[in-house]
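So the structure is just underneath, and the comments pick up after that.
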Amino acid sequence: MAGEGAVAKLQTEINCPICLDNLRDPVTIECGHNFCRSCIQQSWAGLQGSFPCAVCRHPCQEVHMWSNTQLGRMVDMAKLLQITQDKMKQQEERRLCEQHNQALTLFCEEDLKLLCPLCTHPPDHQGHQVRPMEEAASHHRQRLSSYIGPLKKQMADTQKLLDTQERRLSELREQVGKRRAKLTSEFDNVIKTVENEQEAALSRLAAEEKHILQNLRANKAAFSDHISKLKVQLKEVTEKSVMSDVNMMMNIKGVLQHCVKLKPPGVYRFEYKRDEFSLPPLCSALQNIIQRFREEVTLDPETAHPNLLVSEDKKSVTFVREKQRVRRSTKRFLVDPVVLGTEGFDCGRHYWEVQVDDKPEWAVGVCRDSLSKERKQPLLRQENRCWTIQLQDGDYVVRGSVPVPLVLKEMPRGIGIYLDYELGQVSFYSLNDMSHIHSFRDTFSEVLKPYFYIGCDPKPLTVCALRD
């Protein structure tokens, strides 16, 4: 029965998504989906410029398709397998009682055991509820089926809890990294009398990190072990539920007991002690950064989305409804209204400012230079390649490897961006009062460029000039 299900599943995988029949002369297009050659050609007939995939609607810029001879051979093998399986179907062999050598046709509900007619004679099963195997099999098949849904749900819920613990582990590392960076940078700028406090605070941080990590890892291991048990039990129940009556009822007592006994581990929860690691901000250090590392950043029109209009001095950019006639460029963004800075940074410290005023949607920061080569990626899939602060739908969010929501006392009219390449630090400041908003810590290994997401409103975004 399991083999039949596998063949049926294979049969659906070798069907063309357009004609829903077996693939004929299969071809693969740019996004990786497969179709009959004639089906996809007919689907693209009469189109120009962009050729969408019939499954995921991915826009192919040109009509490119490749013959998939290996998939064609797999289609032929699947057809042969189906024919062979149909021929090999035989009536299942009836099992005999080991004690009386008679057919097992009855089932004892008290002992959950298959019986032959002679097994029902006293005293072994005297007074027990015994009924025909077919009737009992129908009842227990429904009972097994009733466990499949809860087991799947329990496994999904446990996986969610495990994912939550994974995220908390990442959050813990990020929080520890931020606080360690904050402690280091601020203690470097205060007088020597606070050196003892720095050492004590870092020691408390390390001890708390070690304690929480130990508990999180133990909890994660418990969840992983429980999921493994769930997978084994789900596989056993699924396979058992599609077996023949005789095979299903053999050893069903143990299967049912395992299903009832599986319980998930508890969730380890922790709360980070924030009050131990706060030191007053040093505005003088920021003024030093502005004076020493201020950069003249300009916009690169070669990277600008076709709906963006870059000013002649390359300092301001605006979203317009009509696409501009622009030269084709491999660096140009095509999905989101994004433009990069002309300057690239692979060492040193740099600071620049961006005026956002009352724009309802924007994002500024830095990104890896390779992001321009992956310009078809939407904004939400640019994690680990961008470090930005963003305003969207009225909410402020900083985006790095993990998005972090912000609560700001007032709307910043401009953003100061500070990059320390060697330290792996990107910091954002509000130009309203030069207050610190957020800092990232990471490791950089390629050229970074200023990043500007403009949004779809007509208000301009401006890079401040040095004279400002």
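Every chain in the structure tokens has a letter given in the order shown (A, B, ...), and although residue numbers restart at 1 in each chain, ligands are simply numbered from 1 in the order shown.
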
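Every protein or nucleic acid residue with an atom no more than 9 Å from stretch 166-174 of chain A, counting only C-alpha atoms and leaving out same-chain residues fewer than 6 positions away, appears here: Glu209, Ile212, Leu213, Leu216, Arg217, Lys220, Tyr272, Val402, Phe440 and Arg441 of chain A.
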
Exercise for review: Please provide the set of residues having any atom within 9 Å of stretch 238-251 of chain A, restricted to only C-alpha atoms, with same-chain residues fewer than 5 positions apart removed, written as a ChimeraX atom specification.
Suggested key: /A:1-2,92,94-95,104-105,107,112-114,133-134,136-138,140-142,144-145,148,233

Same residues, N, CA and C atoms, output as a PDB file, in the first residue's frame:
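After the write, result_34.pdb holds the following:
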```pdb
ATOM      1  N   MET A   1       0.813  -1.206   0.000  1.00  0.00           N
ATOM      2  CA  MET A   1       0.000   0.000   0.000  1.00  0.00           C
ATOM      3  C   MET A   1       0.860   1.275   0.000  1.00  0.00           C
ATOM      4  N   ALA A   2       1.971   1.231   0.814  1.00  0.00           N
ATOM      5  CA  ALA A   2       2.863   2.397   0.825  1.00  0.00           C
ATOM      6  C   ALA A   2       3.513   2.584  -0.531  1.00  0.00           C
ATOM      7  N   GLU A  92      -3.597 -10.796  -0.945  1.00  0.00           N
ATOM      8  CA  GLU A  92      -2.711 -10.957   0.205  1.00  0.00           C
ATOM      9  C   GLU A  92      -2.884 -12.338   0.846  1.00  0.00           C
ATOM     10  N   ARG A  94      -3.271 -15.078   3.501  1.00  0.00           N
ATOM     11  CA  ARG A  94      -3.937 -15.126   4.800  1.00  0.00           C
ATOM     12  C   ARG A  94      -3.007 -15.785   5.826  1.00  0.00           C
ATOM     13  N   ARG A  95      -2.943 -15.133   6.986  1.00  0.00           N
ATOM     14  CA  ARG A  95      -2.077 -15.672   8.018  1.00  0.00           C
ATOM     15  C   ARG A  95      -2.810 -16.696   8.870  1.00  0.00           C
ATOM     16  N   LEU A 104      -6.694 -16.662  11.087  1.00  0.00           N
ATOM     17  CA  LEU A 104      -6.966 -15.649  12.101  1.00  0.00           C
ATOM     18  C   LEU A 104      -8.107 -14.773  11.612  1.00  0.00           C
ATOM     19  N   THR A 105      -9.287 -15.022  12.127  1.00  0.00           N
ATOM     20  CA  THR A 105     -10.485 -14.319  11.639  1.00  0.00           C
ATOM     21  C   THR A 105     -11.171 -13.508  12.721  1.00  0.00           C
ATOM     22  N   PHE A 107     -10.883 -11.058  16.613  1.00  0.00           N
ATOM     23  CA  PHE A 107     -10.015 -10.100  17.315  1.00  0.00           C
ATOM     24  C   PHE A 107     -10.555  -9.877  18.709  1.00  0.00           C
ATOM     25  N   LEU A 112      -6.339  -6.982  22.630  1.00  0.00           N
ATOM     26  CA  LEU A 112      -5.883  -6.409  21.360  1.00  0.00           C
ATOM     27  C   LEU A 112      -5.037  -7.422  20.604  1.00  0.00           C
ATOM     28  N   LYS A 113      -5.632  -8.586  20.346  1.00  0.00           N
ATOM     29  CA  LYS A 113      -4.885  -9.680  19.745  1.00  0.00           C
ATOM     30  C   LYS A 113      -5.750 -10.405  18.728  1.00  0.00           C
ATOM     31  N   LEU A 114      -5.116 -10.833  17.595  1.00  0.00           N
ATOM     32  CA  LEU A 114      -5.821 -11.617  16.582  1.00  0.00           C
ATOM     33  C   LEU A 114      -5.995 -13.059  17.062  1.00  0.00           C
ATOM     34  N   MET A 133     -12.670 -10.052  12.579  1.00  0.00           N
ATOM     35  CA  MET A 133     -11.493  -9.238  12.299  1.00  0.00           C
ATOM     36  C   MET A 133     -11.835  -8.037  11.429  1.00  0.00           C
ATOM     37  N   GLU A 134     -12.713  -8.225  10.391  1.00  0.00           N
ATOM     38  CA  GLU A 134     -13.041  -7.123   9.490  1.00  0.00           C
ATOM     39  C   GLU A 134     -13.708  -5.984  10.254  1.00  0.00           C
ATOM     40  N   ALA A 136     -13.468  -5.386  13.555  1.00  0.00           N
ATOM     41  CA  ALA A 136     -12.473  -4.778  14.450  1.00  0.00           C
ATOM     42  C   ALA A 136     -11.472  -3.932  13.666  1.00  0.00           C
ATOM     43  N   ALA A 137     -11.084  -4.411  12.478  1.00  0.00           N
ATOM     44  CA  ALA A 137     -10.116  -3.658  11.664  1.00  0.00           C
ATOM     45  C   ALA A 137     -10.691  -2.324  11.245  1.00  0.00           C
ATOM     46  N   SER A 138     -11.993  -2.315  10.870  1.00  0.00           N
ATOM     47  CA  SER A 138     -12.624  -1.058  10.492  1.00  0.00           C
ATOM     48  C   SER A 138     -12.617  -0.073  11.650  1.00  0.00           C
ATOM     49  N   HIS A 140     -10.526  -0.031  14.317  1.00  0.00           N
ATOM     50  CA  HIS A 140      -9.180   0.410  14.683  1.00  0.00           C
ATOM     51  C   HIS A 140      -8.516   1.209  13.563  1.00  0.00           C
ATOM     52  N   ARG A 141      -8.942   0.993  12.318  1.00  0.00           N
ATOM     53  CA  ARG A 141      -8.423   1.829  11.232  1.00  0.00           C
ATOM     54  C   ARG A 141      -8.869   3.284  11.441  1.00  0.00           C
ATOM     55  N   GLN A 142     -10.142   3.438  11.830  1.00  0.00           N
ATOM     56  CA  GLN A 142     -10.627   4.790  12.135  1.00  0.00           C
ATOM     57  C   GLN A 142      -9.888   5.373  13.334  1.00  0.00           C
ATOM     58  N   LEU A 144      -6.807   4.630  14.317  1.00  0.00           N
ATOM     59  CA  LEU A 144      -5.461   5.028  13.881  1.00  0.00           C
ATOM     60  C   LEU A 144      -5.497   6.316  13.092  1.00  0.00           C
ATOM     61  N   SER A 145      -6.496   6.419  12.206  1.00  0.00           N
ATOM     62  CA  SER A 145      -6.606   7.635  11.388  1.00  0.00           C
ATOM     63  C   SER A 145      -6.821   8.863  12.263  1.00  0.00           C
ATOM     64  N   ILE A 148      -3.556  10.474  13.325  1.00  0.00           N
ATOM     65  CA  ILE A 148      -2.661  11.092  12.336  1.00  0.00           C
ATOM     66  C   ILE A 148      -2.712  12.613  12.432  1.00  0.00           C
ATOM     67  N   GLN A 233       7.007   7.914  15.230  1.00  0.00           N
ATOM     68  CA  GLN A 233       5.648   7.470  15.527  1.00  0.00           C
ATOM     69  C   GLN A 233       4.693   7.768  14.383  1.00  0.00           C
TER      70      GLN A 233
END
```

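Shortest atom-to-atom contact with A:Val267 among A:Ala221, A:Cys367, A:Ile437, A:Cys116: A:Ala221, counting only C-alpha atoms.
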
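What separates atom CA of A:Pro265 from atom CA of A:Leu151 is a distance of 14.9 Å.
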
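What separates atom CA of A:Gly149 from atom CA of A:Val237 is a distance of 10.8 Å.
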
Exercise for review: Can you pull out every residue within 6 Å of stretch 428-430 of chain A, counting only C-alpha atoms, but drop anything in the same chain fewer than 3 positions away, and send it as a list in words?
Suggested key: Pro412, Ile415, Gly416, Ile417, Met434, Ser435, His436, Ile437 and His438 of chain A

Practice item. Name the residues of stretch 156-328 of chain A that come out as alpha helix (DSSP H) in a backbone DSSP run; write them as a VMD selection string. Key: chain A and resid 156 to 187 195 to 241 245 to 249 252 to 261 283 to 293

Given the selection you just returned, output its residues as a file containing C-alpha atoms, formatted as a short mmCIF file (atom, residue, chain, number, x, y, z; two decimals), in the first residue's frame.
```
data_model
loop_
_atom_site.label_atom_id
_atom_site.label_comp_id
_atom_site.auth_asym_id
_atom_site.auth_seq_id
_atom_site.Cartn_x
_atom_site.Cartn_y
_atom_site.Cartn_z
CA ALA A 156 4.04 21.14 13.75
CA ASP A 157 3.45 22.85 17.13
CA THR A 158 6.66 21.38 18.52
CA GLN A 159 8.55 22.49 15.42
CA LYS A 160 7.20 26.01 15.96
CA LEU A 161 8.41 25.93 19.54
CA LEU A 162 11.81 24.73 18.35
CA ASP A 163 11.91 27.51 15.75
CA THR A 164 11.01 30.00 18.49
CA GLN A 165 13.90 28.76 20.60
CA GLU A 166 16.19 29.03 17.56
CA ARG A 167 15.10 32.65 17.10
CA ARG A 168 15.58 33.33 20.79
CA LEU A 169 19.07 31.89 20.55
CA SER A 170 19.81 34.26 17.65
CA GLU A 171 18.22 37.15 19.54
CA LEU A 172 20.34 36.35 22.57
CA ARG A 173 23.53 36.36 20.49
CA GLU A 174 22.49 39.63 18.84
CA GLN A 175 21.61 41.24 22.19
CA VAL A 176 24.88 40.10 23.72
CA GLY A 177 26.80 41.39 20.69
CA LYS A 178 25.05 44.78 20.86
CA ARG A 179 25.66 45.18 24.55
CA ARG A 180 29.26 44.05 24.31
CA ALA A 181 29.82 46.57 21.48
CA LYS A 182 28.04 49.31 23.44
CA LEU A 183 30.04 48.59 26.54
CA THR A 184 33.34 48.52 24.66
CA SER A 185 32.74 51.69 22.63
CA GLU A 186 31.41 53.73 25.58
CA PHE A 187 33.97 52.60 28.12
CA GLU A 195 37.30 50.62 34.16
CA ASN A 196 36.37 48.45 37.14
CA GLU A 197 32.69 48.88 36.36
CA GLN A 198 33.32 47.87 32.75
CA GLU A 199 35.03 44.66 33.80
CA ALA A 200 32.24 43.82 36.26
CA ALA A 201 29.49 44.49 33.71
CA LEU A 202 31.16 42.35 31.04
CA SER A 203 31.61 39.57 33.57
CA ARG A 204 27.90 39.67 34.47
CA LEU A 205 27.01 39.67 30.79
CA ALA A 206 29.20 36.62 30.08
CA ALA A 207 27.83 34.73 33.09
CA GLU A 208 24.23 35.42 32.13
CA GLU A 209 24.91 34.53 28.49
CA LYS A 210 26.51 31.23 29.55
CA HIS A 211 23.62 30.37 31.86
CA ILE A 212 20.92 31.14 29.27
CA LEU A 213 22.81 29.40 26.46
CA GLN A 214 23.12 26.22 28.51
CA ASN A 215 19.39 26.17 29.25
CA LEU A 216 18.41 27.05 25.68
CA ARG A 217 20.64 24.36 24.18
CA ALA A 218 19.28 21.76 26.61
CA ASN A 219 15.71 22.80 25.76
CA LYS A 220 16.50 22.75 22.05
CA ALA A 221 17.95 19.24 22.35
CA ALA A 222 14.81 18.10 24.16
CA PHE A 223 12.60 19.48 21.37
CA SER A 224 14.77 17.89 18.68
CA ASP A 225 14.58 14.53 20.45
CA HIS A 226 10.79 14.85 20.78
CA ILE A 227 10.43 15.68 17.08
CA SER A 228 12.51 12.64 16.19
CA LYS A 229 10.20 10.47 18.27
CA LEU A 230 7.16 12.11 16.67
CA LYS A 231 8.53 11.46 13.18
CA VAL A 232 9.11 7.79 14.00
CA GLN A 233 5.65 7.47 15.53
CA LEU A 234 3.98 9.33 12.64
CA LYS A 235 5.73 7.11 10.11
CA GLU A 236 4.73 3.98 12.05
CA VAL A 237 1.08 5.08 12.41
CA THR A 238 0.84 6.19 8.77
CA GLU A 239 2.30 2.93 7.48
CA LYS A 240 0.16 0.90 9.88
CA SER A 241 -3.05 2.69 8.86
CA ASP A 245 -6.37 -5.74 8.15
CA VAL A 246 -4.18 -8.58 9.36
CA ASN A 247 -0.89 -6.67 9.23
CA MET A 248 -2.45 -3.59 10.79
CA MET A 249 -3.89 -5.47 13.76
CA ILE A 252 -1.47 -2.63 17.40
CA LYS A 253 -1.47 -2.46 21.20
CA GLY A 254 2.06 -1.08 21.33
CA VAL A 255 1.41 1.47 18.56
CA LEU A 256 -1.66 2.85 20.33
CA GLN A 257 0.16 3.05 23.66
CA HIS A 258 3.05 5.02 22.08
CA CYS A 259 0.64 7.50 20.49
CA VAL A 260 -1.01 8.22 23.86
CA LYS A 261 2.23 8.48 25.88
CA CYS A 283 27.54 62.99 22.28
CA SER A 284 31.09 64.31 22.00
CA ALA A 285 32.19 60.99 20.48
CA LEU A 286 29.53 61.34 17.77
CA GLN A 287 30.67 64.91 16.99
CA ASN A 288 34.21 63.54 16.53
CA ILE A 289 32.86 60.92 14.12
CA ILE A 290 30.98 63.55 12.09
CA GLN A 291 33.98 65.87 11.85
CA ARG A 292 36.62 63.23 11.03
CA PHE A 293 34.78 60.69 8.83
#
```

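Near A:His305, within 7 Å and counting only C-alpha atoms, sit A:Thr303, A:Asn307, A:Leu308, A:Arg332, A:Phe333, A:Leu334, A:Pro337, A:Val338, A:Val339, not including residues fewer than 2 positions from it in the same chain.
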
Can you list every residue of stretch 255-371 of chain A that has an atom at most 8 Å from stretch 420-424 of chain A, with its nearest atom pair and the distance in Å to one decimal, using only C-alpha atoms, ordered by chain then number, as a tab-separated table?
```
residue	atom	partner	partner_atom	distance
A:Phe345	CA	A:Tyr421	CA	7.7
A:Asp346	CA	A:Tyr421	CA	6.7
A:Cys347	CA	A:Tyr421	CA	5.2
A:Gly348	CA	A:Tyr421	CA	5.6
A:Arg349	CA	A:Asp420	CA	4.4
A:His350	CA	A:Asp420	CA	6.6
```
